[in-house]
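Structure data (mmCIF, C-alpha atoms and all ligand atoms) from structure18.cif:
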```cif
data_run
loop_
_atom_site.group_PDB
_atom_site.id
_atom_site.type_symbol
_atom_site.label_atom_id
_atom_site.label_comp_id
_atom_site.auth_asym_id
_atom_site.auth_seq_id
_atom_site.Cartn_x
_atom_site.Cartn_y
_atom_site.Cartn_z
ATOM 1 C CA MET B 589 -33.017 -24.464 101.662
ATOM 2 C CA THR B 590 -33.221 -28.075 100.544
ATOM 3 C CA ALA B 591 -36.108 -30.440 101.051
ATOM 4 C CA ILE B 592 -36.250 -34.161 100.366
ATOM 5 C CA PHE B 593 -39.353 -36.332 100.286
ATOM 6 C CA ILE B 594 -38.938 -39.846 101.698
ATOM 7 C CA THR B 595 -41.342 -42.323 100.170
ATOM 8 C CA GLY B 596 -41.453 -46.099 100.058
ATOM 9 C CA THR B 597 -42.714 -49.152 98.254
ATOM 10 C CA GLY B 598 -45.090 -49.800 101.125
ATOM 11 C CA THR B 599 -45.605 -49.567 104.834
ATOM 12 C CA ASP B 600 -42.966 -50.792 107.302
ATOM 13 C CA VAL B 601 -40.136 -50.857 104.758
ATOM 14 C CA GLY B 602 -37.880 -48.450 106.666
ATOM 15 C CA LYS B 603 -38.877 -44.862 105.747
ATOM 16 C CA THR B 604 -38.593 -43.646 109.343
ATOM 17 C CA PHE B 605 -35.438 -45.682 109.906
ATOM 18 C CA VAL B 606 -33.879 -43.985 106.877
ATOM 19 C CA ALA B 607 -35.150 -40.560 107.971
ATOM 20 C CA VAL B 608 -33.652 -41.024 111.446
ATOM 21 C CA SER B 609 -30.338 -42.303 109.998
ATOM 22 C CA LEU B 610 -30.221 -39.409 107.577
ATOM 23 C CA ILE B 611 -31.036 -36.822 110.263
ATOM 24 C CA ARG B 612 -28.165 -38.165 112.370
ATOM 25 C CA HIS B 613 -25.790 -38.147 109.408
ATOM 26 C CA LEU B 614 -26.752 -34.644 108.254
ATOM 27 C CA ARG B 615 -26.538 -33.253 111.788
ATOM 28 C CA HIS B 616 -23.101 -34.880 112.098
ATOM 29 C CA LEU B 617 -22.092 -32.956 108.957
ATOM 30 C CA GLY B 618 -23.267 -29.745 110.637
ATOM 31 C CA HIS B 619 -26.476 -29.155 108.704
ATOM 32 C CA HIS B 620 -29.515 -27.608 110.287
ATOM 33 C CA VAL B 621 -32.092 -30.354 109.822
ATOM 34 C CA ASP B 622 -35.814 -30.553 110.420
ATOM 35 C CA ALA B 623 -38.323 -33.282 109.565
ATOM 36 C CA ILE B 624 -42.073 -33.543 109.199
ATOM 37 C CA LYS B 625 -44.404 -36.470 108.702
ATOM 38 C CA PRO B 626 -47.669 -34.681 107.941
ATOM 39 C CA VAL B 627 -50.045 -37.656 108.047
ATOM 40 C CA VAL B 628 -49.726 -40.540 110.523
ATOM 41 C CA SER B 629 -52.130 -43.416 111.000
ATOM 42 C CA GLY B 630 -51.945 -45.931 113.823
ATOM 43 C CA PHE B 631 -50.970 -43.119 116.202
ATOM 44 C CA ASP B 632 -51.474 -44.056 119.853
ATOM 45 C CA PRO B 633 -50.958 -41.011 122.137
ATOM 46 C CA ALA B 634 -49.991 -43.384 124.971
ATOM 47 C CA GLN B 635 -47.081 -44.669 122.832
ATOM 48 C CA ALA B 636 -46.210 -41.349 121.203
ATOM 49 C CA ALA B 637 -42.467 -41.626 121.903
ATOM 50 C CA ALA B 638 -42.291 -44.772 119.758
ATOM 51 C CA SER B 639 -44.394 -43.263 116.957
ATOM 52 C CA ASP B 640 -42.883 -41.862 113.764
ATOM 53 C CA PRO B 641 -43.091 -38.231 114.978
ATOM 54 C CA GLY B 642 -41.633 -39.331 118.343
ATOM 55 C CA LEU B 643 -38.655 -41.016 116.656
ATOM 56 C CA LEU B 644 -38.103 -38.056 114.323
ATOM 57 C CA LEU B 645 -38.150 -35.583 117.225
ATOM 58 C CA ALA B 646 -35.645 -37.706 119.170
ATOM 59 C CA ALA B 647 -33.297 -37.799 116.167
ATOM 60 C CA LEU B 648 -33.669 -34.026 115.726
ATOM 61 C CA GLY B 649 -32.752 -33.505 119.373
ATOM 62 C CA LEU B 650 -36.012 -31.628 119.930
ATOM 63 C CA PRO B 651 -38.169 -31.785 123.043
ATOM 64 C CA PHE B 652 -40.837 -34.409 122.964
ATOM 65 C CA SER B 653 -44.001 -32.409 123.572
ATOM 66 C CA PRO B 654 -47.590 -32.271 122.287
ATOM 67 C CA GLU B 655 -46.716 -28.953 120.568
ATOM 68 C CA GLN B 656 -43.792 -30.499 118.691
ATOM 69 C CA ILE B 657 -45.837 -33.567 117.712
ATOM 70 C CA ASP B 658 -48.527 -31.204 116.429
ATOM 71 C CA ARG B 659 -45.962 -29.125 114.593
ATOM 72 C CA ILE B 660 -44.426 -32.025 112.652
ATOM 73 C CA SER B 661 -47.456 -34.353 112.332
ATOM 74 C CA PRO B 662 -50.731 -32.399 112.386
ATOM 75 C CA TRP B 663 -52.860 -35.151 110.788
ATOM 76 C CA ARG B 664 -52.833 -38.045 113.255
ATOM 77 C CA PHE B 665 -55.258 -40.959 113.260
ATOM 78 C CA ARG B 666 -55.593 -43.802 115.696
ATOM 79 C CA THR B 667 -56.325 -46.767 113.465
ATOM 80 C CA ALA B 668 -53.442 -48.387 111.592
ATOM 81 C CA VAL B 669 -55.188 -48.451 108.222
ATOM 82 C CA SER B 670 -54.828 -46.297 105.104
ATOM 83 C CA PRO B 671 -55.255 -42.606 105.981
ATOM 84 C CA ASP B 672 -58.522 -42.098 104.074
ATOM 85 C CA LEU B 673 -60.094 -44.979 105.974
ATOM 86 C CA ALA B 674 -58.486 -44.016 109.292
ATOM 87 C CA ALA B 675 -59.904 -40.485 108.890
ATOM 88 C CA ARG B 676 -63.370 -41.769 107.974
ATOM 89 C CA ARG B 677 -63.438 -43.940 111.091
ATOM 90 C CA GLU B 678 -63.024 -40.773 113.140
ATOM 91 C CA GLY B 679 -65.652 -38.895 111.154
ATOM 92 C CA ARG B 680 -62.911 -36.792 109.583
ATOM 93 C CA ARG B 681 -61.649 -36.153 106.079
ATOM 94 C CA ILE B 682 -58.120 -35.235 104.941
ATOM 95 C CA ASP B 683 -58.024 -31.993 102.970
ATOM 96 C CA VAL B 684 -55.220 -32.821 100.516
ATOM 97 C CA GLU B 685 -54.792 -29.172 99.515
ATOM 98 C CA ARG B 686 -54.129 -28.333 103.151
ATOM 99 C CA VAL B 687 -51.550 -31.136 103.424
ATOM 100 C CA ILE B 688 -49.778 -29.712 100.355
ATOM 101 C CA ALA B 689 -49.961 -26.157 101.746
ATOM 102 C CA PHE B 690 -48.628 -27.368 105.111
ATOM 103 C CA CYS B 691 -45.598 -28.959 103.393
ATOM 104 C CA GLN B 692 -45.008 -25.903 101.185
ATOM 105 C CA ASN B 693 -45.109 -23.658 104.211
ATOM 106 C CA ALA B 694 -42.650 -25.894 106.111
ATOM 107 C CA ILE B 695 -40.328 -25.836 103.078
ATOM 108 C CA LYS B 696 -40.550 -22.037 102.925
ATOM 109 C CA GLN B 697 -40.000 -21.529 106.664
ATOM 110 C CA HIS B 698 -37.072 -23.890 107.215
ATOM 111 C CA ARG B 699 -33.527 -22.723 106.663
ATOM 112 C CA GLY B 700 -31.500 -25.896 106.217
ATOM 113 C CA ILE B 701 -32.429 -29.390 105.113
ATOM 114 C CA LEU B 702 -36.038 -30.473 105.577
ATOM 115 C CA LEU B 703 -37.002 -34.146 105.340
ATOM 116 C CA ILE B 704 -40.650 -34.996 104.650
ATOM 117 C CA GLU B 705 -41.707 -38.567 105.356
ATOM 118 C CA GLY B 706 -44.664 -39.766 103.300
ATOM 119 C CA ILE B 707 -47.069 -42.410 104.478
ATOM 120 C CA GLY B 708 -47.244 -46.043 103.369
ATOM 121 C CA GLY B 709 -46.333 -46.630 99.725
ATOM 122 C CA ILE B 710 -46.356 -44.133 96.883
ATOM 123 C CA MET B 711 -50.084 -44.357 96.184
ATOM 124 C CA VAL B 712 -51.694 -44.634 99.559
ATOM 125 C CA PRO B 713 -55.131 -42.934 99.397
ATOM 126 C CA LEU B 714 -55.596 -39.711 101.360
ATOM 127 C CA ASP B 715 -59.197 -39.035 100.319
ATOM 128 C CA GLU B 716 -61.706 -40.538 97.878
ATOM 129 C CA HIS B 717 -59.621 -39.776 94.788
ATOM 130 C CA ARG B 718 -56.195 -38.559 95.729
ATOM 131 C CA THR B 719 -53.118 -40.336 97.023
ATOM 132 C CA ILE B 720 -49.828 -39.294 98.598
ATOM 133 C CA LEU B 721 -48.432 -39.287 95.046
ATOM 134 C CA ASP B 722 -50.575 -36.191 94.346
ATOM 135 C CA VAL B 723 -48.811 -34.474 97.245
ATOM 136 C CA MET B 724 -45.428 -35.570 95.903
ATOM 137 C CA MET B 725 -46.323 -34.270 92.438
ATOM 138 C CA ALA B 726 -47.463 -30.917 93.819
ATOM 139 C CA LEU B 727 -44.261 -30.488 95.846
ATOM 140 C CA GLN B 728 -41.852 -31.633 93.094
ATOM 141 C CA LEU B 729 -39.104 -32.407 95.602
ATOM 142 C CA PRO B 730 -36.169 -34.750 95.108
ATOM 143 C CA LEU B 731 -37.230 -38.173 96.337
ATOM 144 C CA LEU B 732 -35.727 -41.068 98.221
ATOM 145 C CA LEU B 733 -37.543 -44.311 97.473
ATOM 146 C CA ILE B 734 -37.208 -46.816 100.319
ATOM 147 C CA SER B 735 -37.681 -50.503 99.722
ATOM 148 C CA GLY B 736 -37.018 -53.722 101.602
ATOM 149 C CA SER B 737 -35.229 -56.905 100.525
ATOM 150 C CA TYR B 738 -38.222 -59.194 101.209
ATOM 151 C CA LEU B 739 -39.334 -61.618 98.523
ATOM 152 C CA GLY B 740 -41.344 -59.551 96.049
ATOM 153 C CA SER B 741 -39.595 -56.285 96.856
ATOM 154 C CA ILE B 742 -37.879 -56.118 93.455
ATOM 155 C CA SER B 743 -41.186 -56.078 91.613
ATOM 156 C CA HIS B 744 -42.671 -53.601 94.105
ATOM 157 C CA THR B 745 -39.658 -51.333 93.646
ATOM 158 C CA LEU B 746 -39.728 -51.482 89.842
ATOM 159 C CA THR B 747 -43.460 -50.771 89.812
ATOM 160 C CA ALA B 748 -42.930 -47.778 92.078
ATOM 161 C CA LEU B 749 -40.038 -46.534 89.929
ATOM 162 C CA ASP B 750 -42.177 -46.865 86.802
ATOM 163 C CA SER B 751 -44.911 -44.713 88.394
ATOM 164 C CA LEU B 752 -42.368 -42.086 89.413
ATOM 165 C CA PHE B 753 -40.479 -41.989 86.108
ATOM 166 C CA ARG B 754 -43.671 -41.755 84.044
ATOM 167 C CA ARG B 755 -44.402 -38.564 85.967
ATOM 168 C CA ASP B 756 -40.861 -37.189 85.547
ATOM 169 C CA MET B 757 -40.305 -37.225 89.269
ATOM 170 C CA ASN B 758 -36.819 -36.422 90.500
ATOM 171 C CA LEU B 759 -35.439 -39.530 92.180
ATOM 172 C CA LEU B 760 -32.340 -38.904 94.270
ATOM 173 C CA ALA B 761 -31.721 -42.556 95.163
ATOM 174 C CA THR B 762 -33.374 -45.880 95.891
ATOM 175 C CA ILE B 763 -32.530 -47.280 99.302
ATOM 176 C CA VAL B 764 -32.989 -50.957 100.086
ATOM 177 C CA SER B 765 -33.321 -51.484 103.826
ATOM 178 C CA GLU B 766 -32.568 -55.113 104.578
ATOM 179 C CA THR B 767 -35.594 -57.176 105.584
ATOM 180 C CA PRO B 768 -34.696 -59.635 108.350
ATOM 181 C CA GLY B 769 -35.104 -63.337 107.545
ATOM 182 C CA SER B 770 -35.483 -62.806 103.798
ATOM 183 C CA ASP B 771 -34.184 -65.536 101.487
ATOM 184 C CA ALA B 772 -33.169 -62.812 99.029
ATOM 185 C CA PRO B 773 -29.641 -61.579 99.921
ATOM 186 C CA LEU B 774 -29.438 -57.780 100.181
ATOM 187 C CA ASP B 775 -26.577 -57.569 97.651
ATOM 188 C CA ASP B 776 -28.546 -59.518 95.030
ATOM 189 C CA VAL B 777 -31.604 -57.288 95.483
ATOM 190 C CA ILE B 778 -29.422 -54.175 95.139
ATOM 191 C CA ALA B 779 -27.684 -55.528 92.018
ATOM 192 C CA THR B 780 -30.989 -56.405 90.355
ATOM 193 C CA ILE B 781 -32.658 -53.044 91.065
ATOM 194 C CA GLY B 782 -29.389 -51.378 90.020
ATOM 195 C CA ARG B 783 -29.887 -52.705 86.477
ATOM 196 C CA PHE B 784 -32.947 -50.426 86.212
ATOM 197 C CA THR B 785 -32.000 -47.307 88.154
ATOM 198 C CA GLU B 786 -29.140 -45.685 89.987
ATOM 199 C CA PRO B 787 -27.951 -45.020 92.569
ATOM 200 C CA VAL B 788 -29.208 -47.905 94.698
ATOM 201 C CA ILE B 789 -27.973 -47.882 98.266
ATOM 202 C CA GLY B 790 -28.141 -50.870 100.616
ATOM 203 C CA LEU B 791 -28.904 -50.394 104.280
ATOM 204 C CA PRO B 792 -27.965 -53.574 106.160
ATOM 205 C CA ARG B 793 -30.010 -54.487 109.206
ATOM 206 C CA GLN B 794 -28.663 -52.545 112.155
ATOM 207 C CA ARG B 795 -29.181 -52.521 115.882
ATOM 208 C CA GLY B 796 -31.136 -49.673 117.454
ATOM 209 C CA GLN B 797 -32.403 -46.608 115.621
ATOM 210 C CA GLY B 798 -30.389 -44.612 113.222
ATOM 211 C CA GLY B 799 -27.164 -46.378 112.324
ATOM 212 C CA GLU B 800 -23.787 -44.751 112.340
ATOM 213 C CA PRO B 801 -23.309 -41.215 111.034
ATOM 214 C CA GLY B 802 -20.097 -40.148 109.310
ATOM 215 C CA ALA B 803 -17.848 -41.921 106.808
ATOM 216 C CA ARG B 804 -19.394 -45.341 107.462
ATOM 217 C CA SER B 805 -22.924 -44.115 106.908
ATOM 218 C CA PRO B 806 -24.531 -45.455 103.737
ATOM 219 C CA PHE B 807 -25.574 -41.848 103.094
ATOM 220 C CA ALA B 808 -21.982 -40.628 102.857
ATOM 221 C CA ARG B 809 -22.147 -41.481 99.146
ATOM 222 C CA LEU B 810 -25.053 -39.083 98.633
ATOM 223 C CA PHE B 811 -24.363 -36.298 101.100
ATOM 224 C CA GLY B 812 -20.627 -36.515 101.880
ATOM 225 C CA SER B 813 -19.046 -37.715 105.110
ATOM 226 C CA ARG B 814 -17.091 -34.865 106.661
ATOM 227 C CA PRO B 815 -18.329 -31.922 108.668
ATOM 228 C CA ALA B 816 -17.669 -28.604 106.962
ATOM 229 C CA PRO B 817 -14.232 -27.117 107.786
ATOM 230 C CA GLY B 818 -14.334 -24.842 110.802
ATOM 231 C CA GLY B 819 -17.060 -26.835 112.507
ATOM 232 C CA PRO B 820 -20.748 -27.255 111.977
ATOM 233 C CA GLN B 821 -22.309 -24.828 109.528
ATOM 234 C CA ARG B 822 -25.878 -23.985 108.892
ATOM 235 C CA SER B 823 -26.918 -24.473 105.311
ATOM 236 C CA SER B 824 -29.548 -22.181 103.937
HETATM 237 N N1 LIG B 901 -31.938 -51.233 108.193
HETATM 238 C C1 LIG B 901 -32.634 -51.437 109.318
HETATM 239 N N2 LIG B 901 -31.996 -51.910 110.419
HETATM 240 C C2 LIG B 901 -32.691 -52.127 111.566
HETATM 241 N N3 LIG B 901 -34.009 -51.934 111.717
HETATM 242 C C3 LIG B 901 -34.690 -51.461 110.651
HETATM 243 C C4 LIG B 901 -34.048 -51.193 109.405
HETATM 244 N N4 LIG B 901 -35.003 -50.751 108.524
HETATM 245 C C5 LIG B 901 -36.154 -50.747 109.204
HETATM 246 N N5 LIG B 901 -35.969 -51.169 110.483
HETATM 247 C C6 LIG B 901 -37.002 -51.362 111.510
HETATM 248 O O1 LIG B 901 -38.129 -51.929 110.873
HETATM 249 C C7 LIG B 901 -39.338 -51.389 111.403
HETATM 250 C C8 LIG B 901 -40.119 -50.693 110.283
HETATM 251 O O2 LIG B 901 -39.333 -49.613 109.804
HETATM 252 P P1 LIG B 901 -39.914 -48.138 109.710
HETATM 253 O O3 LIG B 901 -40.776 -47.820 110.887
HETATM 254 O O4 LIG B 901 -38.762 -47.237 109.442
HETATM 255 O O5 LIG B 901 -40.830 -48.317 108.420
HETATM 256 P P2 LIG B 901 -41.732 -47.205 107.710
HETATM 257 O O6 LIG B 901 -41.617 -47.434 106.260
HETATM 258 O O7 LIG B 901 -41.372 -45.869 108.229
HETATM 259 O O8 LIG B 901 -43.187 -47.630 108.228
HETATM 260 P P3 LIG B 901 -44.536 -46.726 108.186
HETATM 261 O O9 LIG B 901 -45.175 -47.040 106.881
HETATM 262 O O10 LIG B 901 -45.311 -47.245 109.366
HETATM 263 O O11 LIG B 901 -44.160 -45.282 108.338
HETATM 264 C C9 LIG B 901 -38.924 -50.432 112.523
HETATM 265 O O12 LIG B 901 -38.941 -51.128 113.747
HETATM 266 C C10 LIG B 901 -37.494 -50.057 112.141
HETATM 267 O O13 LIG B 901 -36.708 -49.686 113.250
HETATM 268 MG MG MG B 902 -42.574 -44.476 109.191
#
```
Step by step, read the file and then write its structure as structure tokens.
Amino acid sequence: MTAIFITGTGTDVGKTFVAVSLIRHLRHLGHHVDAIKPVVSGFDPAQAAASDPGLLLAALGLPFSPEQIDRISPWRFRTAVSPDLAARREGRRIDVERVIAFCQNAIKQHRGILLIEGIGGIMVPLDEHRTILDVMMALQLPLLLISGSYLGSISHTLTALDSLFRRDMNLLATIVSETPGSDAPLDDVIATIGRFTEPVIGLPRQRGQGGEPGARSPFARLFGSRPAPGGPQRSS
């Protein structure tokens, strides 16, 4: 069993886009993949198919049902604000220990590759004192840090990397998902961040969800590009 935690420098940088691309690539290679996004804010049940859990389920090829949404994203809040605030607005409180236990249980149960999408940036508050970084530290999984190429993203990325490295977190790769309309060219952003960490992988702006699996996938460098000989295999 392998699990990877997908975090980001902030909200809307491309965590779900990367998760969906990676699910498609890993499934193409024949891996048995699952994904969870334990905490979601800004969740509108009327638009559930377009929500993060909806997109993850579609990429996983799983039925889109209330049970599946519940299974992969049990903490859902309506308002698109930080999770601690979103919970408070509903008279609720996130029990961080339960979020950690939920992830640990999913890791234990799944035979294959499990992707866990975080929420917002690396220190988004979950309750009065704890952030998603506390969950990441408890899980100690290899991380993918997702960033954009917007103006300011280099500093945001280096700040995030500093926080992760000071805690001896295991960073698998930094992925820069191209921000449309940015004056900063993707290649320049990658080269600059690459002076501080490696590997740094660029994800050019693509049409639709998910990008192309296989040899042309930006993830081929990390996870290989060819299905296992003899057809799809289940990793365990
Ligand atoms: N490389 C890319 N090519 C095309 N579209 C992209 C790319 N990266 C991100 N997007 C799009 O940008 C938007 C924001 O990306 P995404 O939802 O993946 O961000 P996120 O970090 O998961 O946000 P959140 O914090 O809400 O979970 C989405 O519409 C997504 O499809
Ligand atoms: Mg997302």
Taking the file as I've supplied it (selection: the PyMOL selection byres (((chain B and resi 752-758) around 7) and not hetatm)), which residues are included? Please answer as an mmCIF file with C-alpha atoms, in the frame of the given file.
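To be explicit, this is the file written out as result.cif:
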```cif
data_model
loop_
_atom_site.group_PDB
_atom_site.id
_atom_site.type_symbol
_atom_site.label_atom_id
_atom_site.label_comp_id
_atom_site.auth_asym_id
_atom_site.auth_seq_id
_atom_site.Cartn_x
_atom_site.Cartn_y
_atom_site.Cartn_z
ATOM 1 C CA GLN B 728 -41.852 -31.633 93.094
ATOM 2 C CA LEU B 729 -39.104 -32.407 95.602
ATOM 3 C CA PRO B 730 -36.169 -34.750 95.108
ATOM 4 C CA LEU B 731 -37.230 -38.173 96.337
ATOM 5 C CA ALA B 748 -42.930 -47.778 92.078
ATOM 6 C CA LEU B 749 -40.038 -46.534 89.929
ATOM 7 C CA ASP B 750 -42.177 -46.865 86.802
ATOM 8 C CA SER B 751 -44.911 -44.713 88.394
ATOM 9 C CA LEU B 759 -35.439 -39.530 92.180
ATOM 10 C CA LEU B 760 -32.340 -38.904 94.270
#
```
Which residues of chain B come within 12 Å of ligand MG 902 (chain B), and what is each one's closest atom pair and distance in Å (one decimal), counting all atoms listed in the file, sorted by chain and residue number, as CSV?
```
residue,atom,partner,partner_atom,distance
B:Ile594,CA,B:MG902,MG,9.5
B:Thr595,CA,B:MG902,MG,9.4
B:Gly596,CA,B:MG902,MG,9.3
B:Thr597,CA,B:MG902,MG,11.9
B:Gly598,CA,B:MG902,MG,10.0
B:Thr599,CA,B:MG902,MG,7.4
B:Asp600,CA,B:MG902,MG,6.6
B:Val601,CA,B:MG902,MG,8.1
B:Gly602,CA,B:MG902,MG,6.6
B:Lys603,CA,B:MG902,MG,5.1
B:Thr604,CA,B:MG902,MG,4.1
B:Phe605,CA,B:MG902,MG,7.3
B:Val606,CA,B:MG902,MG,9.0
B:Ala607,CA,B:MG902,MG,8.5
B:Val608,CA,B:MG902,MG,9.8
B:Ala623,CA,B:MG902,MG,12.0
B:Ile624,CA,B:MG902,MG,10.9
B:Lys625,CA,B:MG902,MG,8.2
B:Pro626,CA,B:MG902,MG,11.1
B:Val627,CA,B:MG902,MG,10.2
B:Val628,CA,B:MG902,MG,8.3
B:Ser629,CA,B:MG902,MG,9.8
B:Gly630,CA,B:MG902,MG,10.6
B:Phe631,CA,B:MG902,MG,11.0
B:Ala638,CA,B:MG902,MG,10.6
B:Ser639,CA,B:MG902,MG,8.1
B:Asp640,CA,B:MG902,MG,5.3
B:Pro641,CA,B:MG902,MG,8.5
B:Gly642,CA,B:MG902,MG,10.5
B:Leu643,CA,B:MG902,MG,9.1
B:Leu644,CA,B:MG902,MG,9.4
B:Ser661,CA,B:MG902,MG,11.7
B:Ala668,CA,B:MG902,MG,11.8
B:Ile704,CA,B:MG902,MG,10.7
B:Glu705,CA,B:MG902,MG,7.1
B:Gly706,CA,B:MG902,MG,7.8
B:Ile707,CA,B:MG902,MG,6.8
B:Gly708,CA,B:MG902,MG,7.6
B:Gly709,CA,B:MG902,MG,10.4
B:Ile734,CA,B:MG902,MG,10.6
```
message: Residue by residue, what does the PyMOL selection byres (((chain B and resi 726) around 10) and not hetatm) grab here? Present the result as a VMD selection string.
response: chain B and resid 685 688 to 689 691 to 692 720 to 725 727 to 729
statement: Using all atoms listed in the file, the residue out of B:Ser741, B:Thr780, B:Gln794, B:Ser653 with shortest distance to ligand LIG 901 (chain B) is B:Gln794
statement: Separating CA of Val788 in chain B from CA of His616 in chain B, to the nearest tenth of an Å, is a gap of 22.6 Å
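Candidate residues B:Leu610, B:Ile701, B:Ala591, B:Ile742 were compared for distance to ligand LIG 901 (chain B), and the nearest is B:Leu610, using all atoms listed in the file.
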